[in-house]
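K.L.:
Quick one: the structure is below, questions incoming.
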Amino acid sequence: MERETTVERTMLVNAGPEVVWKALTEPDLNKLYMAGWMGLSSWRRGDMLRWIEKQGEESVQQAQGTVMESLPGRRLRYTCYKPSSGLPDEPASYTTVDITLEVERDGRTRLSLWHGDFAGLPQDVRRAREAGREWVEKLVGLKRVAEEQQGQMAA
């Protein structure tokens, strides 16, 4: 039996890829579906990415990484490390998130997410399953936010 150490999710969003991209990269929008976390980055290849959460007047960093690929409206790939993982902040503790956006014939956007590889990390299968559950919630929220934005643009 193969050990499941990656997360793969796909969904259709009733919004254009530029609107989905905006929901992925604008802090005021991504905090709406990322449990209050805001992604702070220029979103350019090689640049730092920090996920922060406002707690009162404080900003607490929840995760960090580096943008590996950034093709607006098409692809976002970045590394991710969560201090709460209990793992040391070293390259071997980082996973990779890869999100691609494709326009369907009907105008919807197909979002494909790959998050891995957890192989080699302690409790790799458990970590991958946990990430998979978290992504389901986040992607449902992303879909809602992007579709609301698309609706506001059409109004």
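Identifiers for the structure tokens are assigned positionally: chains receive A, B, ... in sequence, residues are indexed from 1 per chain, and ligands are indexed from 1 in the order shown.
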Output as CSV one row per residue of segment 103-132 of chain A within 10 Å of segment 63-86 of chain A: the closest atom pair and its distance in Å to one decimal place, counting only C-alpha atoms, sorted by chain and residue number ascending.
P.N.:
residue,atom,partner,partner_atom,distance
A:Val103,CA,A:Arg74,CA,9.1
A:Thr109,CA,A:Gly73,CA,9.8
A:Leu111,CA,A:Arg74,CA,9.3
A:Ser112,CA,A:Arg75,CA,9.5
A:Leu113,CA,A:Arg77,CA,9.6
A:Trp114,CA,A:Arg77,CA,9.3
A:His115,CA,A:Thr79,CA,9.4
A:Gly116,CA,A:Thr79,CA,9.5
A:Pro122,CA,A:Gly86,CA,9.9
A:Arg127,CA,A:Ser85,CA,9.0
K.L.:
Excluding segment 52-60 of chain A and its own-chain neighbours fewer than 2 positions away, which residues fall within 8 Å of it when counting only C-alpha atoms? Please give them as a ChimeraX atom specification.
P.N.:
/A:36-40,50,62-63
K.L.:
Could you dump the residues just selected with C-alpha atoms as a short mmCIF file (atom, residue, chain, number, x, y, z; two decimals), in the first residue's frame?
P.N.:
data_model
loop_
_atom_site.label_atom_id
_atom_site.label_comp_id
_atom_site.auth_asym_id
_atom_site.auth_seq_id
_atom_site.Cartn_x
_atom_site.Cartn_y
_atom_site.Cartn_z
CA GLY A 36 -7.74 35.11 9.62
CA TRP A 37 -4.27 34.65 8.13
CA MET A 38 -3.06 37.22 5.60
CA GLY A 39 -0.42 36.39 3.02
CA LEU A 40 2.13 39.18 2.85
CA ARG A 50 4.74 35.48 5.41
CA GLN A 62 1.82 31.68 11.50
CA ALA A 63 3.79 30.45 8.48
#
K.L.:
Step one, run DSSP on the backbone; step two, keep only residues of chain A assigned to alpha helix (DSSP H); then write them as JSON, numbers by chain.
P.N.:
{"A": [17, 18, 19, 20, 21, 22, 23, 24, 25, 27, 28, 29, 30, 124, 125, 126, 127, 128, 129, 130, 131, 132, 133, 134, 135, 136, 137, 138, 139, 140, 141, 142, 143, 144, 145, 146, 147, 148, 149, 150, 151, 152, 153, 154]}
K.L.:
Name the residues in contact with segment 14-19 of chain A at a cut-off of 10 Å, using only C-alpha atoms, excluding same-chain residues fewer than 5 positions from it; report them as a PyMOL selection string.
P.N.:
chain A and resi 24+72-75+100-104+106-111+143-151+153
K.L.:
Grab the residues selected above and save them as a PDB file, in the first residue's frame with N, CA and C atoms.
P.N.:
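The resulting file, selection17.pdb, is reproduced below:
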ATOM      1  N   LEU A  24      -6.417  34.908  -4.041  1.00  0.00           N
ATOM      2  CA  LEU A  24      -5.247  34.173  -3.552  1.00  0.00           C
ATOM      3  C   LEU A  24      -4.167  35.098  -2.999  1.00  0.00           C
ATOM      4  N   PRO A  72       0.625  35.484 -12.694  1.00  0.00           N
ATOM      5  CA  PRO A  72      -0.699  35.991 -12.347  1.00  0.00           C
ATOM      6  C   PRO A  72      -1.822  35.435 -13.228  1.00  0.00           C
ATOM      7  N   GLY A  73      -2.847  34.915 -12.544  1.00  0.00           N
ATOM      8  CA  GLY A  73      -3.987  34.335 -13.226  1.00  0.00           C
ATOM      9  C   GLY A  73      -3.770  32.917 -13.714  1.00  0.00           C
ATOM     10  N   ARG A  74      -2.542  32.375 -13.486  1.00  0.00           N
ATOM     11  CA  ARG A  74      -2.248  31.032 -14.000  1.00  0.00           C
ATOM     12  C   ARG A  74      -1.648  30.073 -12.978  1.00  0.00           C
ATOM     13  N   ARG A  75      -0.611  30.531 -12.248  1.00  0.00           N
ATOM     14  CA  ARG A  75       0.061  29.593 -11.339  1.00  0.00           C
ATOM     15  C   ARG A  75       0.733  30.319 -10.185  1.00  0.00           C
ATOM     16  N   THR A 100      -2.643  25.885  -9.618  1.00  0.00           N
ATOM     17  CA  THR A 100      -2.779  26.278 -11.018  1.00  0.00           C
ATOM     18  C   THR A 100      -4.227  26.652 -11.303  1.00  0.00           C
ATOM     19  N   LEU A 101      -4.394  27.612 -12.205  1.00  0.00           N
ATOM     20  CA  LEU A 101      -5.711  28.103 -12.597  1.00  0.00           C
ATOM     21  C   LEU A 101      -5.853  27.922 -14.109  1.00  0.00           C
ATOM     22  N   GLU A 102      -6.955  27.310 -14.514  1.00  0.00           N
ATOM     23  CA  GLU A 102      -7.228  27.103 -15.930  1.00  0.00           C
ATOM     24  C   GLU A 102      -8.659  27.520 -16.221  1.00  0.00           C
ATOM     25  N   VAL A 103      -8.854  28.217 -17.343  1.00  0.00           N
ATOM     26  CA  VAL A 103     -10.197  28.636 -17.731  1.00  0.00           C
ATOM     27  C   VAL A 103     -10.909  27.475 -18.419  1.00  0.00           C
ATOM     28  N   GLU A 104     -12.115  27.185 -17.959  1.00  0.00           N
ATOM     29  CA  GLU A 104     -12.944  26.169 -18.588  1.00  0.00           C
ATOM     30  C   GLU A 104     -13.705  26.796 -19.756  1.00  0.00           C
ATOM     31  N   ASP A 106     -16.796  27.064 -20.183  1.00  0.00           N
ATOM     32  CA  ASP A 106     -17.967  27.837 -19.721  1.00  0.00           C
ATOM     33  C   ASP A 106     -17.571  29.110 -18.957  1.00  0.00           C
ATOM     34  N   GLY A 107     -16.275  29.406 -18.903  1.00  0.00           N
ATOM     35  CA  GLY A 107     -15.824  30.635 -18.247  1.00  0.00           C
ATOM     36  C   GLY A 107     -15.435  30.466 -16.794  1.00  0.00           C
ATOM     37  N   ARG A 108     -15.771  29.310 -16.210  1.00  0.00           N
ATOM     38  CA  ARG A 108     -15.355  29.068 -14.827  1.00  0.00           C
ATOM     39  C   ARG A 108     -13.854  28.807 -14.785  1.00  0.00           C
ATOM     40  N   THR A 109     -13.307  28.883 -13.599  1.00  0.00           N
ATOM     41  CA  THR A 109     -11.884  28.616 -13.417  1.00  0.00           C
ATOM     42  C   THR A 109     -11.705  27.293 -12.680  1.00  0.00           C
ATOM     43  N   ARG A 110     -10.875  26.427 -13.244  1.00  0.00           N
ATOM     44  CA  ARG A 110     -10.521  25.169 -12.578  1.00  0.00           C
ATOM     45  C   ARG A 110      -9.276  25.448 -11.751  1.00  0.00           C
ATOM     46  N   LEU A 111      -9.403  25.325 -10.444  1.00  0.00           N
ATOM     47  CA  LEU A 111      -8.275  25.495  -9.540  1.00  0.00           C
ATOM     48  C   LEU A 111      -7.789  24.109  -9.149  1.00  0.00           C
ATOM     49  N   LYS A 143     -13.420  29.799  -2.878  1.00  0.00           N
ATOM     50  CA  LYS A 143     -14.460  29.771  -3.915  1.00  0.00           C
ATOM     51  C   LYS A 143     -15.535  30.819  -3.599  1.00  0.00           C
ATOM     52  N   ARG A 144     -15.988  30.852  -2.352  1.00  0.00           N
ATOM     53  CA  ARG A 144     -17.018  31.811  -1.941  1.00  0.00           C
ATOM     54  C   ARG A 144     -16.538  33.249  -2.131  1.00  0.00           C
ATOM     55  N   VAL A 145     -15.320  33.547  -1.663  1.00  0.00           N
ATOM     56  CA  VAL A 145     -14.765  34.897  -1.769  1.00  0.00           C
ATOM     57  C   VAL A 145     -14.603  35.313  -3.238  1.00  0.00           C
ATOM     58  N   ALA A 146     -14.049  34.433  -4.071  1.00  0.00           N
ATOM     59  CA  ALA A 146     -13.840  34.756  -5.485  1.00  0.00           C
ATOM     60  C   ALA A 146     -15.178  34.966  -6.198  1.00  0.00           C
ATOM     61  N   GLU A 147     -16.152  34.121  -5.893  1.00  0.00           N
ATOM     62  CA  GLU A 147     -17.456  34.257  -6.546  1.00  0.00           C
ATOM     63  C   GLU A 147     -18.164  35.537  -6.096  1.00  0.00           C
ATOM     64  N   GLU A 148     -18.005  35.918  -4.823  1.00  0.00           N
ATOM     65  CA  GLU A 148     -18.567  37.193  -4.349  1.00  0.00           C
ATOM     66  C   GLU A 148     -17.897  38.360  -5.069  1.00  0.00           C
ATOM     67  N   GLN A 149     -16.581  38.299  -5.230  1.00  0.00           N
ATOM     68  CA  GLN A 149     -15.851  39.356  -5.941  1.00  0.00           C
ATOM     69  C   GLN A 149     -16.303  39.446  -7.393  1.00  0.00           C
ATOM     70  N   GLN A 150     -16.480  38.290  -8.032  1.00  0.00           N
ATOM     71  CA  GLN A 150     -16.936  38.262  -9.425  1.00  0.00           C
ATOM     72  C   GLN A 150     -18.325  38.901  -9.522  1.00  0.00           C
ATOM     73  N   GLY A 151     -19.204  38.581  -8.564  1.00  0.00           N
ATOM     74  CA  GLY A 151     -20.543  39.151  -8.549  1.00  0.00           C
ATOM     75  C   GLY A 151     -20.531  40.657  -8.380  1.00  0.00           C
ATOM     76  N   MET A 153     -18.150  42.632  -9.328  1.00  0.00           N
ATOM     77  CA  MET A 153     -17.651  43.223 -10.568  1.00  0.00           C
ATOM     78  C   MET A 153     -18.744  43.294 -11.623  1.00  0.00           C
TER      79      MET A 153
END
K.L.:
Nearest to Ile99 of chain A: which of A:Val140, A:Ala131, A:Met11, A:Val125 is it, counting only C-alpha atoms?
P.N.:
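Nearest to Ile99 of chain A: A:Met11.
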K.L.:
Among segment 14-58 of chain A, which residues does DSSP mark as strand (DSSP E) when it is run on the backbone? Keep the chain and numbering as in the structure and answer as a ChimeraX atom specification.
P.N.:
/A:37-40,48-55,58
K.L.:
Out of A:Val97, A:Leu87, A:Val136, A:Ala92, which residue has the shortest atom-to-atom distance to Ala119 of chain A when counting only C-alpha atoms?
P.N.:
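Among the listed residues, A:Ala92 lies closest to Ala119 of chain A.
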K.L.:
Using atom CA of Pro27 of chain A and atom CA of Asp47 of chain A as the two end points, give the distance in Å to one decimal.
P.N.:
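Between these atoms lies a distance of 15.9 Å.
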K.L.:
Would you work out the distance separating atom CA of Glu90 of chain A from atom CA of Leu32 of chain A, expressed in Å to one decimal?
P.N.:
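Rounded to one decimal, the two atoms are 29.5 Å apart.
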K.L.:
Have a look at A:Leu142, A:Ser93, A:Phe118, A:Trp43 and name the one nearest to Lys31 of chain A; count only C-alpha atoms.
P.N.:
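Checking each of A:Leu142, A:Ser93, A:Phe118, A:Trp43 against Lys31 of chain A, counting only C-alpha atoms, the winner is A:Leu142.
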K.L.:
For atom CA of Arg129 of chain A and atom CA of Arg45 of chain A, quote the distance in Å rounded to one decimal.
P.N.:
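Going from atom CA of Arg129 of chain A over to atom CA of Arg45 of chain A, I get 28.2 Å.
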